[in-house]
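The data block below is run16.cif; it holds mmCIF, C-alpha atoms and all ligand atoms.
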```cif
data_final
#
loop_
_atom_site.group_PDB
_atom_site.id
_atom_site.type_symbol
_atom_site.label_atom_id
_atom_site.label_comp_id
_atom_site.auth_asym_id
_atom_site.auth_seq_id
_atom_site.Cartn_x
_atom_site.Cartn_y
_atom_site.Cartn_z
ATOM 1 C CA MET A 1 0.000 0.000 0.000
ATOM 2 C CA GLU A 2 1.370 3.414 -0.926
ATOM 3 C CA MET A 3 2.008 5.768 1.919
ATOM 4 C CA THR A 4 1.678 9.090 0.222
ATOM 5 C CA ASP A 5 -1.209 10.935 1.816
ATOM 6 C CA SER A 6 -0.311 14.390 3.068
ATOM 7 C CA PRO A 7 -1.515 15.532 6.481
ATOM 8 C CA THR A 8 -4.090 17.801 4.812
ATOM 9 C CA LYS A 9 -5.351 14.961 2.654
ATOM 10 C CA LEU A 10 -5.692 12.772 5.746
ATOM 11 C CA LYS A 11 -7.639 15.540 7.485
ATOM 12 C CA GLU A 12 -9.923 15.756 4.492
ATOM 13 C CA TRP A 13 -10.514 11.989 4.480
ATOM 14 C CA ALA A 14 -11.183 11.938 8.220
ATOM 15 C CA GLN A 15 -13.723 14.734 7.913
ATOM 16 C CA LEU A 16 -15.435 12.963 5.021
ATOM 17 C CA PHE A 17 -15.637 9.817 7.163
ATOM 18 C CA ARG A 18 -17.195 11.876 9.967
ATOM 19 C CA ILE A 19 -19.810 13.200 7.528
ATOM 20 C CA ARG A 20 -20.605 9.708 6.252
ATOM 21 C CA THR A 21 -20.746 8.354 9.803
ATOM 22 C CA PHE A 22 -23.136 11.045 11.003
ATOM 23 C CA GLU A 23 -25.322 10.371 7.967
ATOM 24 C CA MET A 24 -25.278 6.597 8.511
ATOM 25 C CA ILE A 25 -26.189 6.881 12.191
ATOM 26 C CA LYS A 26 -29.008 9.310 11.395
ATOM 27 C CA ARG A 27 -30.369 6.974 8.725
ATOM 28 C CA ARG A 28 -30.214 3.923 10.982
ATOM 29 C CA GLY A 29 -31.603 5.674 14.031
ATOM 30 C CA ASN A 30 -28.780 4.683 16.372
ATOM 31 C CA GLY A 31 -25.051 4.115 16.633
ATOM 32 C CA HIS A 32 -22.030 5.632 18.341
ATOM 33 C CA TRP A 33 -21.172 9.099 17.107
ATOM 34 C CA GLY A 34 -19.011 10.498 19.942
ATOM 35 C CA GLY A 35 -16.273 7.864 20.000
ATOM 36 C CA SER A 36 -16.289 7.562 16.215
ATOM 37 C CA ALA A 37 -15.722 11.283 15.710
ATOM 38 C CA SER A 38 -13.000 11.196 18.357
ATOM 39 C CA ALA A 39 -11.048 8.415 16.637
ATOM 40 C CA ALA A 40 -11.580 9.604 13.049
ATOM 41 C CA ASP A 41 -8.209 11.306 12.492
ATOM 42 C CA LEU A 42 -6.198 8.595 14.203
ATOM 43 C CA LEU A 43 -7.890 5.662 12.457
ATOM 44 C CA THR A 44 -7.691 7.398 9.086
ATOM 45 C CA ALA A 45 -3.964 8.042 9.463
ATOM 46 C CA LEU A 46 -3.480 4.441 10.604
ATOM 47 C CA TYR A 47 -5.225 2.863 7.638
ATOM 48 C CA PHE A 48 -3.993 5.324 5.041
ATOM 49 C CA ASN A 49 -0.388 5.873 6.138
ATOM 50 C CA PHE A 50 0.738 3.195 8.545
ATOM 51 C CA LEU A 51 -0.809 -0.259 8.459
ATOM 52 C CA LYS A 52 0.432 -2.736 5.881
ATOM 53 C CA ILE A 53 -2.928 -4.260 4.967
ATOM 54 C CA ASP A 54 -4.174 -5.040 1.485
ATOM 55 C CA HIS A 55 -7.855 -5.894 1.014
ATOM 56 C CA THR A 56 -7.002 -8.117 -1.953
ATOM 57 C CA ARG A 57 -4.710 -10.259 0.187
ATOM 58 C CA PRO A 58 -6.333 -10.519 3.625
ATOM 59 C CA GLY A 59 -4.720 -13.913 4.209
ATOM 60 C CA LEU A 60 -1.146 -12.606 4.092
ATOM 61 C CA GLU A 61 0.459 -13.868 7.271
ATOM 62 C CA ASP A 62 2.869 -10.996 7.673
ATOM 63 C CA ARG A 63 0.327 -8.216 7.241
ATOM 64 C CA ASP A 64 -0.323 -5.856 10.128
ATOM 65 C CA ARG A 65 -3.232 -6.350 12.517
ATOM 66 C CA MET A 66 -5.601 -3.800 14.064
ATOM 67 C CA VAL A 67 -7.827 -4.371 17.069
ATOM 68 C CA LEU A 68 -10.458 -1.732 17.773
ATOM 69 C CA SER A 69 -10.680 -2.327 21.499
ATOM 70 C CA LYS A 70 -13.252 0.488 21.808
ATOM 71 C CA GLY A 71 -15.470 -1.529 19.499
ATOM 72 C CA HIS A 72 -18.435 0.840 19.735
ATOM 73 C CA ALA A 73 -16.517 3.146 17.344
ATOM 74 C CA ALA A 74 -17.379 0.636 14.596
ATOM 75 C CA PRO A 75 -19.212 3.239 12.433
ATOM 76 C CA ILE A 76 -16.021 5.157 11.654
ATOM 77 C CA LEU A 77 -14.046 1.940 11.133
ATOM 78 C CA TYR A 78 -16.655 0.744 8.625
ATOM 79 C CA GLN A 79 -16.341 3.955 6.611
ATOM 80 C CA ILE A 80 -12.579 3.505 6.386
ATOM 81 C CA LEU A 81 -12.689 -0.218 5.573
ATOM 82 C CA SER A 82 -15.243 0.453 2.857
ATOM 83 C CA GLU A 83 -13.139 3.232 1.329
ATOM 84 C CA LYS A 84 -10.120 0.913 1.485
ATOM 85 C CA GLY A 85 -12.008 -1.664 -0.594
ATOM 86 C CA PHE A 86 -12.800 -4.325 2.014
ATOM 87 C CA PHE A 87 -16.490 -4.225 1.076
ATOM 88 C CA HIS A 88 -18.824 -2.267 -1.202
ATOM 89 C CA SER A 89 -20.172 1.004 0.130
ATOM 90 C CA ASP A 90 -23.746 -0.338 -0.421
ATOM 91 C CA GLU A 91 -23.156 -2.490 2.653
ATOM 92 C CA LEU A 92 -23.152 0.672 4.766
ATOM 93 C CA ASP A 93 -26.916 0.931 4.132
ATOM 94 C CA GLY A 94 -27.393 -2.228 6.204
ATOM 95 C CA PHE A 95 -25.542 -0.893 9.249
ATOM 96 C CA ARG A 96 -27.013 -2.340 12.474
ATOM 97 C CA THR A 97 -29.721 -4.328 10.712
ATOM 98 C CA LYS A 98 -30.328 -8.042 11.075
ATOM 99 C CA GLY A 99 -28.278 -10.091 8.633
ATOM 100 C CA SER A 100 -26.008 -7.201 7.669
ATOM 101 C CA ILE A 101 -22.240 -7.701 7.638
ATOM 102 C CA LEU A 102 -22.022 -4.409 9.562
ATOM 103 C CA GLN A 103 -23.283 -4.908 13.073
ATOM 104 C CA GLY A 104 -23.267 -2.309 15.833
ATOM 105 C CA HIS A 105 -19.913 -3.623 17.008
ATOM 106 C CA PRO A 106 -17.195 -5.162 14.814
ATOM 107 C CA CYS A 107 -17.519 -8.854 14.041
ATOM 108 C CA MET A 108 -14.493 -10.668 12.630
ATOM 109 C CA ASN A 109 -16.629 -13.476 11.204
ATOM 110 C CA GLU A 110 -18.900 -11.150 9.251
ATOM 111 C CA THR A 111 -16.970 -8.057 8.282
ATOM 112 C CA PRO A 112 -14.005 -8.188 5.900
ATOM 113 C CA GLY A 113 -11.102 -6.246 7.338
ATOM 114 C CA VAL A 114 -12.068 -6.704 10.986
ATOM 115 C CA ASP A 115 -9.324 -8.614 12.794
ATOM 116 C CA MET A 116 -11.118 -9.059 16.109
ATOM 117 C CA SER A 117 -14.702 -8.944 17.348
ATOM 118 C CA THR A 118 -14.923 -6.269 20.023
ATOM 119 C CA GLY A 119 -17.483 -4.247 21.922
ATOM 120 C CA ALA A 120 -17.169 -5.650 25.410
ATOM 121 C CA LEU A 121 -14.543 -3.225 26.671
ATOM 122 C CA GLY A 122 -11.218 -4.438 27.996
ATOM 123 C CA HIS A 123 -10.364 -7.287 25.626
ATOM 124 C CA GLY A 124 -8.283 -5.505 22.991
ATOM 125 C CA VAL A 125 -4.921 -5.486 24.731
ATOM 126 C CA SER A 126 -5.023 -9.199 25.614
ATOM 127 C CA VAL A 127 -6.051 -10.165 22.107
ATOM 128 C CA GLY A 128 -3.436 -7.880 20.557
ATOM 129 C CA LEU A 129 -0.814 -9.460 22.788
ATOM 130 C CA GLY A 130 -1.876 -12.896 21.577
ATOM 131 C CA MET A 131 -1.580 -11.790 17.954
ATOM 132 C CA ALA A 132 1.850 -10.255 18.525
ATOM 133 C CA LEU A 133 3.034 -13.397 20.320
ATOM 134 C CA ALA A 134 1.808 -15.496 17.384
ATOM 135 C CA SER A 135 3.930 -13.330 15.065
ATOM 136 C CA LYS A 136 6.905 -13.812 17.357
ATOM 137 C CA LEU A 137 6.495 -17.608 17.307
ATOM 138 C CA LYS A 138 6.193 -17.598 13.538
ATOM 139 C CA LYS A 139 9.169 -15.206 13.215
ATOM 140 C CA ILE A 140 6.981 -12.713 11.362
ATOM 141 C CA LYS A 141 7.805 -9.028 11.501
ATOM 142 C CA ASN A 142 4.628 -6.993 11.574
ATOM 143 C CA TYR A 143 2.746 -4.474 13.678
ATOM 144 C CA THR A 144 -0.217 -5.253 15.914
ATOM 145 C CA VAL A 145 -2.038 -2.062 16.800
ATOM 146 C CA VAL A 146 -4.628 -1.851 19.571
ATOM 147 C CA LEU A 147 -6.800 1.263 19.695
ATOM 148 C CA ILE A 148 -7.915 1.807 23.273
ATOM 149 C CA GLY A 149 -10.417 4.259 24.786
ATOM 150 C CA ASP A 150 -9.947 5.747 28.225
ATOM 151 C CA GLY A 151 -13.117 3.993 29.449
ATOM 152 C CA ASP A 152 -11.638 0.838 27.992
ATOM 153 C CA LEU A 153 -8.584 1.505 30.164
ATOM 154 C CA ASN A 154 -10.817 1.300 33.252
ATOM 155 C CA GLU A 155 -11.147 -2.446 32.697
ATOM 156 C CA GLY A 156 -8.903 -4.652 34.828
ATOM 157 C CA GLU A 157 -8.210 -6.997 31.939
ATOM 158 C CA THR A 158 -6.608 -4.148 30.031
ATOM 159 C CA TRP A 159 -3.971 -3.815 32.747
ATOM 160 C CA GLU A 160 -3.456 -7.570 32.997
ATOM 161 C CA GLY A 161 -2.817 -7.507 29.257
ATOM 162 C CA ILE A 162 -0.422 -4.582 29.634
ATOM 163 C CA MET A 163 1.503 -6.379 32.400
ATOM 164 C CA ALA A 164 1.795 -9.530 30.311
ATOM 165 C CA SER A 165 2.796 -7.492 27.236
ATOM 166 C CA ALA A 166 5.593 -5.893 29.228
ATOM 167 C CA LYS A 167 6.703 -9.328 30.352
ATOM 168 C CA PHE A 168 6.794 -10.946 26.897
ATOM 169 C CA LYS A 169 7.724 -7.749 24.970
ATOM 170 C CA PRO A 170 6.628 -8.970 21.542
ATOM 171 C CA GLU A 171 8.067 -6.837 18.766
ATOM 172 C CA GLY A 172 5.583 -4.602 16.985
ATOM 173 C CA LEU A 173 2.895 -4.441 19.691
ATOM 174 C CA ILE A 174 1.471 -0.906 19.810
ATOM 175 C CA PHE A 175 -1.131 0.635 22.098
ATOM 176 C CA LEU A 176 -2.741 3.818 20.823
ATOM 177 C CA ILE A 177 -4.920 5.564 23.368
ATOM 178 C CA ASP A 178 -7.816 7.726 22.275
ATOM 179 C CA PHE A 179 -7.795 9.865 25.398
ATOM 180 C CA ASN A 180 -10.958 11.950 25.092
ATOM 181 C CA GLN A 181 -11.751 11.659 28.784
ATOM 182 C CA VAL A 182 -15.492 11.359 28.278
ATOM 183 C CA GLN A 183 -17.313 8.068 28.612
ATOM 184 C CA LEU A 184 -20.840 6.712 28.137
ATOM 185 C CA ASP A 185 -22.542 8.576 30.973
ATOM 186 C CA GLY A 186 -20.125 11.225 32.127
ATOM 187 C CA PRO A 187 -16.595 12.622 32.090
ATOM 188 C CA SER A 188 -13.803 10.200 33.021
ATOM 189 C CA SER A 189 -12.912 12.502 35.926
ATOM 190 C CA GLN A 190 -16.199 11.353 37.496
ATOM 191 C CA VAL A 191 -16.437 7.805 36.168
ATOM 192 C CA MET A 192 -12.804 6.742 36.701
ATOM 193 C CA PRO A 193 -9.901 9.123 36.148
ATOM 194 C CA MET A 194 -6.818 7.601 34.492
ATOM 195 C CA GLU A 195 -4.280 10.365 34.939
ATOM 196 C CA PRO A 196 -1.347 10.472 35.157
ATOM 197 C CA LEU A 197 -1.662 7.988 32.305
ATOM 198 C CA GLN A 198 1.837 8.100 30.829
ATOM 199 C CA GLU A 199 3.341 7.545 34.283
ATOM 200 C CA LYS A 200 0.991 4.611 34.937
ATOM 201 C CA LEU A 201 1.940 2.963 31.645
ATOM 202 C CA ARG A 202 5.626 3.594 32.279
ATOM 203 C CA ALA A 203 5.322 2.026 35.724
ATOM 204 C CA PHE A 204 3.969 -1.068 33.944
ATOM 205 C CA ASN A 205 7.190 -1.095 31.825
ATOM 206 C CA VAL A 206 5.581 0.120 28.640
ATOM 207 C CA ASN A 207 7.685 2.246 26.281
ATOM 208 C CA VAL A 208 5.529 5.397 26.292
ATOM 209 C CA MET A 209 5.952 8.429 24.076
ATOM 210 C CA ASP A 210 6.653 11.384 26.395
ATOM 211 C CA ILE A 211 4.504 13.811 24.453
ATOM 212 C CA THR A 212 0.723 13.728 24.525
ATOM 213 C CA VAL A 213 -0.153 13.968 20.856
ATOM 214 C CA ASP A 214 -2.999 16.098 19.486
ATOM 215 C CA GLY A 215 -5.210 13.327 18.136
ATOM 216 C CA HIS A 216 -6.851 15.704 15.666
ATOM 217 C CA SER A 217 -3.620 16.983 14.140
ATOM 218 C CA SER A 218 -2.687 14.751 11.232
ATOM 219 C CA ASP A 219 0.832 16.255 11.298
ATOM 220 C CA GLN A 220 1.331 15.257 14.924
ATOM 221 C CA ILE A 221 -0.221 11.828 14.393
ATOM 222 C CA LEU A 222 2.198 11.134 11.539
ATOM 223 C CA GLU A 223 5.108 12.325 13.699
ATOM 224 C CA SER A 224 4.016 9.882 16.399
ATOM 225 C CA PHE A 225 4.000 7.085 13.803
ATOM 226 C CA ASP A 226 7.566 8.043 12.816
ATOM 227 C CA TRP A 227 8.528 7.829 16.478
ATOM 228 C CA ILE A 228 6.926 4.386 16.784
ATOM 229 C CA LYS A 229 8.841 3.077 13.780
ATOM 230 C CA LYS A 230 12.123 4.055 15.443
ATOM 231 C CA GLN A 231 11.446 2.156 18.678
ATOM 232 C CA ASP A 232 13.050 -1.105 19.691
ATOM 233 C CA GLN A 233 11.515 -1.516 23.166
ATOM 234 C CA TRP A 234 8.088 -3.178 23.149
ATOM 235 C CA PRO A 235 5.236 -2.718 23.786
ATOM 236 C CA VAL A 236 4.958 0.899 22.726
ATOM 237 C CA ALA A 237 2.177 3.287 23.745
ATOM 238 C CA VAL A 238 1.132 6.724 22.543
ATOM 239 C CA VAL A 239 -1.503 8.866 24.229
ATOM 240 C CA TYR A 240 -3.599 11.027 21.886
ATOM 241 C CA LYS A 241 -5.563 13.917 23.354
ATOM 242 C CA THR A 242 -8.864 13.858 21.531
ATOM 243 C CA ILE A 243 -12.329 15.359 21.741
ATOM 244 C CA LYS A 244 -15.345 13.115 21.955
ATOM 245 C CA GLY A 245 -17.886 14.117 19.311
ATOM 246 C CA LYS A 246 -15.192 16.145 17.491
ATOM 247 C CA GLY A 247 -16.445 18.321 14.648
ATOM 248 C CA ILE A 248 -19.855 19.445 15.901
ATOM 249 C CA SER A 249 -19.947 22.151 18.581
ATOM 250 C CA PHE A 250 -22.882 20.695 20.523
ATOM 251 C CA THR A 251 -21.603 17.104 20.484
ATOM 252 C CA GLU A 252 -18.016 17.909 21.500
ATOM 253 C CA ASN A 253 -17.134 16.697 25.004
ATOM 254 C CA ASN A 254 -20.797 15.854 25.535
ATOM 255 C CA TYR A 255 -21.380 12.333 26.859
ATOM 256 C CA LYS A 256 -25.010 12.523 25.743
ATOM 257 C CA TRP A 257 -23.682 12.051 22.226
ATOM 258 C CA HIS A 258 -21.772 8.873 23.092
ATOM 259 C CA GLY A 259 -24.446 6.853 21.333
ATOM 260 C CA ALA A 260 -27.667 8.607 20.509
ATOM 261 C CA GLN A 261 -30.463 8.960 18.052
ATOM 262 C CA ILE A 262 -29.904 12.040 15.932
ATOM 263 C CA ASP A 263 -32.980 14.255 15.798
ATOM 264 C CA ASP A 264 -33.737 16.253 12.651
ATOM 265 C CA ILE A 265 -32.623 19.644 13.950
ATOM 266 C CA SER A 266 -29.364 18.284 15.375
ATOM 267 C CA TYR A 267 -28.755 16.514 12.100
ATOM 268 C CA THR A 268 -29.231 19.647 9.997
ATOM 269 C CA ASN A 269 -27.124 21.812 12.292
ATOM 270 C CA GLY A 270 -24.458 19.177 12.841
ATOM 271 C CA MET A 271 -24.136 18.405 9.165
ATOM 272 C CA LYS A 272 -23.745 22.119 8.398
ATOM 273 C CA GLU A 273 -20.760 22.318 10.747
ATOM 274 C CA LEU A 274 -19.160 19.142 9.440
ATOM 275 C CA GLN A 275 -19.642 20.198 5.842
ATOM 276 C CA SER A 276 -18.264 23.705 6.355
ATOM 277 C CA GLU A 277 -15.061 22.321 7.940
ATOM 278 C CA TYR A 278 -14.774 19.832 5.093
ATOM 279 C CA ASN A 279 -15.047 22.642 2.548
ATOM 280 C CA ARG A 280 -12.432 24.644 4.446
ATOM 281 C CA ILE A 281 -9.968 21.725 4.407
ATOM 282 C CA LYS A 282 -10.603 21.102 0.710
ATOM 283 C CA LYS A 283 -9.678 24.718 -0.071
ATOM 284 C CA ILE A 284 -6.318 24.247 1.696
ATOM 285 C CA GLU A 285 -5.736 21.119 -0.357
ATOM 286 C CA LEU A 286 -6.203 22.994 -3.676
HETATM 287 C C1 LIG B 301 -17.286 -4.543 29.627
HETATM 288 C C2 LIG B 301 -18.143 -3.395 29.207
HETATM 289 N N1 LIG B 301 -18.703 -2.599 30.134
HETATM 290 C C3 LIG B 301 -19.485 -1.553 29.745
HETATM 291 C C4 LIG B 301 -19.723 -1.326 28.425
HETATM 292 C C5 LIG B 301 -20.644 -0.186 28.014
HETATM 293 N N2 LIG B 301 -19.857 0.879 27.397
HETATM 294 C C6 LIG B 301 -19.786 1.011 26.065
HETATM 295 S S1 LIG B 301 -18.817 2.261 25.603
HETATM 296 C C7 LIG B 301 -18.523 2.721 27.198
HETATM 297 C C8 LIG B 301 -17.630 3.883 27.529
HETATM 298 C C9 LIG B 301 -16.369 3.798 26.776
HETATM 299 O O1 LIG B 301 -15.565 4.899 26.993
HETATM 300 P P1 LIG B 301 -14.258 5.075 26.113
HETATM 301 O O2 LIG B 301 -13.494 3.795 26.084
HETATM 302 O O3 LIG B 301 -13.550 6.261 26.643
HETATM 303 O O4 LIG B 301 -14.833 5.299 24.685
HETATM 304 P P2 LIG B 301 -14.865 6.629 23.792
HETATM 305 O O5 LIG B 301 -15.140 7.784 24.699
HETATM 306 O O6 LIG B 301 -13.521 6.739 23.185
HETATM 307 O O7 LIG B 301 -15.940 6.392 22.799
HETATM 308 C C10 LIG B 301 -19.167 1.861 28.075
HETATM 309 C C11 LIG B 301 -19.093 1.964 29.542
HETATM 310 C C12 LIG B 301 -19.126 -2.191 27.486
HETATM 311 N N3 LIG B 301 -19.264 -2.006 26.166
HETATM 312 N N4 LIG B 301 -18.327 -3.197 27.897
#
```

What does this structure look like when you write it as structure tokens?
Amino acid sequence: MEMTDSPTKLKEWAQLFRIRTFEMIKRRGNGHWGGSASAADLLTALYFNFLKIDHTRPGLEDRDRMVLSKGHAAPILYQILSEKGFFHSDELDGFRTKGSILQGHPCMNETPGVDMSTGALGHGVSVGLGMALASKLKKIKNYTVVLIGDGDLNEGETWEGIMASAKFKPEGLIFLIDFNQVQLDGPSSQVMPMEPLQEKLRAFNVNVMDITVDGHSSDQILESFDWIKKQDQWPVAVVYKTIKGKGISFTENNYKWHGAQIDDISYTNGMKELQSEYNRIKKIEL
């Protein structure tokens, strides 16, 4: 896969995926907007400029793996996988309907491009560790990326997985943390604060990037990927400061938009904001 997308182009893609996600959730009547919008820039940069994954050769043993541990952000993942050719965009019409390949949470047996079924928080790190250990046994050099939410980090299993990862140190195991600090029913400061996160991870012997990266700056995200590629101590973790519901003023940092029905007025107003930012980015690109 060519790795040629500029930061502005990535920003444009991510915003387009937000627009399509908002539209899809409105059409279906439910789905998770907040965590999808939060992860849009990071997931776009991952799939467009980092992961070695080719939809025409999903069986390649040495391809990279991606586990969306915060599985409720499936809507944004589906937009990206569709754009990357894993399935036809018509499938998006079936989102969250019975029999569709696109369920509310990712299903590895139904959806091409999904490496692990997720949705019950807390499993991603353990599964990613298993995948990275399998690569180690098979002497395969690849990356296994786990995208973790801060609510996901509240789960005990996540930390068991981190401890075991730091024990076995499989090469290529990467934890990316979408640190928006808002959860399903409130801010993380009330539900379960995770700070100081970098220090916690370091105390668990994870190789953590010192800087908290702006998870909506494609430039900074790409710089963090460059940093990852230079590391030789595993596992590696990067914390991305993000905004839940990013892109629409009234959904930003608002837990009520974690997963909600989109009413007509919110849809019209929200879409206006998303579209105007998209047009602004497109002008920069020209
Ligand atoms: C084991 C488990 N407990 C509870 C839930 C319900 N739940 C779904 S998403 C969520 C909050 C997740 O917060 P975070 O990981 O920060 O996600 P983000 O804000 O990035 O969308 C909760 C509690 C779940 N899916 N799994």

Quiz item: At a cut-off of 12 Å from (-7.2, -13.5, 4.6) in the coordinates of the file, what residues are picked up using only C-alpha atoms, written as a list in words?
Solution: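 Protein and nucleic acid residues near the point are Ile53, Asp54, His55, Thr56, Arg57, Pro58, Gly59, Leu60, Glu61, Asp62, Arg63, Asp64, Arg65, Phe86, Met108, Asn109, Thr111, Pro112, Gly113, Val114 and Asp115 of chain A.
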
Self-check item: Expansion of the PyMOL selection byres (((chain A and resi 232-237) around 12) and not hetatm) into residues, as an MDAnalysis selection string
Solution: chainID A and resid 125 128:129 132:133 143:148 161:178 197:202 204:213 224:225 227:231 238:240

Practice problem: Write as a PyMOL selection string the residues around ligand LIG 301 (chain B), taking 10 Å as the cut-off and counting only C-alpha atoms and all ligand atoms. | Solution: chain A and resi 32-39+69-73+105+118-123+147-157+177-188+191+242-245+253-255+257-259

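Distance-wise, CA of Lys241 in chain A and CA of Thr158 in chain A end up 19.3 Å apart.
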
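Restricting the calculation to only C-alpha atoms, the smallest distance between Gly130 in chain A and any of A:Val67, A:Ile248, A:Ile101, A:Ser218 is found for A:Val67.
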
Practice problem: Go through A:Thr21, A:Leu92, A:Gln190, A:Asn142 and flag the residue nearest Leu51 in chain A, using all atoms listed in the file for the distances. | Solution: A:Asn142

Self-check item: Interatomic distance (Å, one decimal) between CA of Ile80 in chain A and CA of Thr268 in chain A
Solution: 23.5 Å

Quiz item: Expressed in Å to a single decimal, how great is the separation between CA of Lys11 in chain A and CA of Thr251 in chain A?
Solution: 19.1 Å

Write out as a PDB file with C-alpha atoms, in the coordinates of the input which residues come within 10 Å of Ser100 in chain A when counting all atoms listed in the file, dropping same-chain ones fewer than 5 positions away.
```
ATOM      1  CA  GLU A  91     -23.156  -2.490   2.653  1.00  0.00           C
ATOM      2  CA  LEU A  92     -23.152   0.672   4.766  1.00  0.00           C
ATOM      3  CA  ASP A  93     -26.916   0.931   4.132  1.00  0.00           C
ATOM      4  CA  GLY A  94     -27.393  -2.228   6.204  1.00  0.00           C
ATOM      5  CA  PHE A  95     -25.542  -0.893   9.249  1.00  0.00           C
ATOM      6  CA  GLU A 110     -18.900 -11.150   9.251  1.00  0.00           C
ATOM      7  CA  THR A 111     -16.970  -8.057   8.282  1.00  0.00           C
TER       8      THR A 111
END
```

Quiz item: Using all atoms listed in the file, which residue out of A:Leu81, A:Leu68, A:Leu10, A:Asp90 lies closest to Pro106 in chain A?
Solution: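 For Pro106 in chain A, the nearest of the candidates is A:Leu68.
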
First collect every listed atom of range 262-266 of chain A; then fit an axis-aligned box around them, widen it by 6 Å on each side, and give centre and edge lengths in Å to one decimal, as lines of an AutoDock Vina configuration file.
```
center_x = -31.6
center_y = 15.8
center_z = 14.3
size_x = 16.4
size_y = 19.6
size_z = 15.3
```

Exercise. Please determine the residues with any atom at most 12 Å from (-18.5, 23.7, 9.2) (coordinates as given in the file, with all atoms listed in the file counting) and report them as a PyMOL selection string.
Key: chain A and resi 15-16+18-19+246-249+268-282

Quiz item: Do you know which residues are at most 8 Å from Gln79 in chain A counting only C-alpha atoms, after dropping those on the same chain fewer than 2 positions away, and could you put them as a PyMOL selection string?
Solution: chain A and resi 17+20-21+75-77+81-83+92
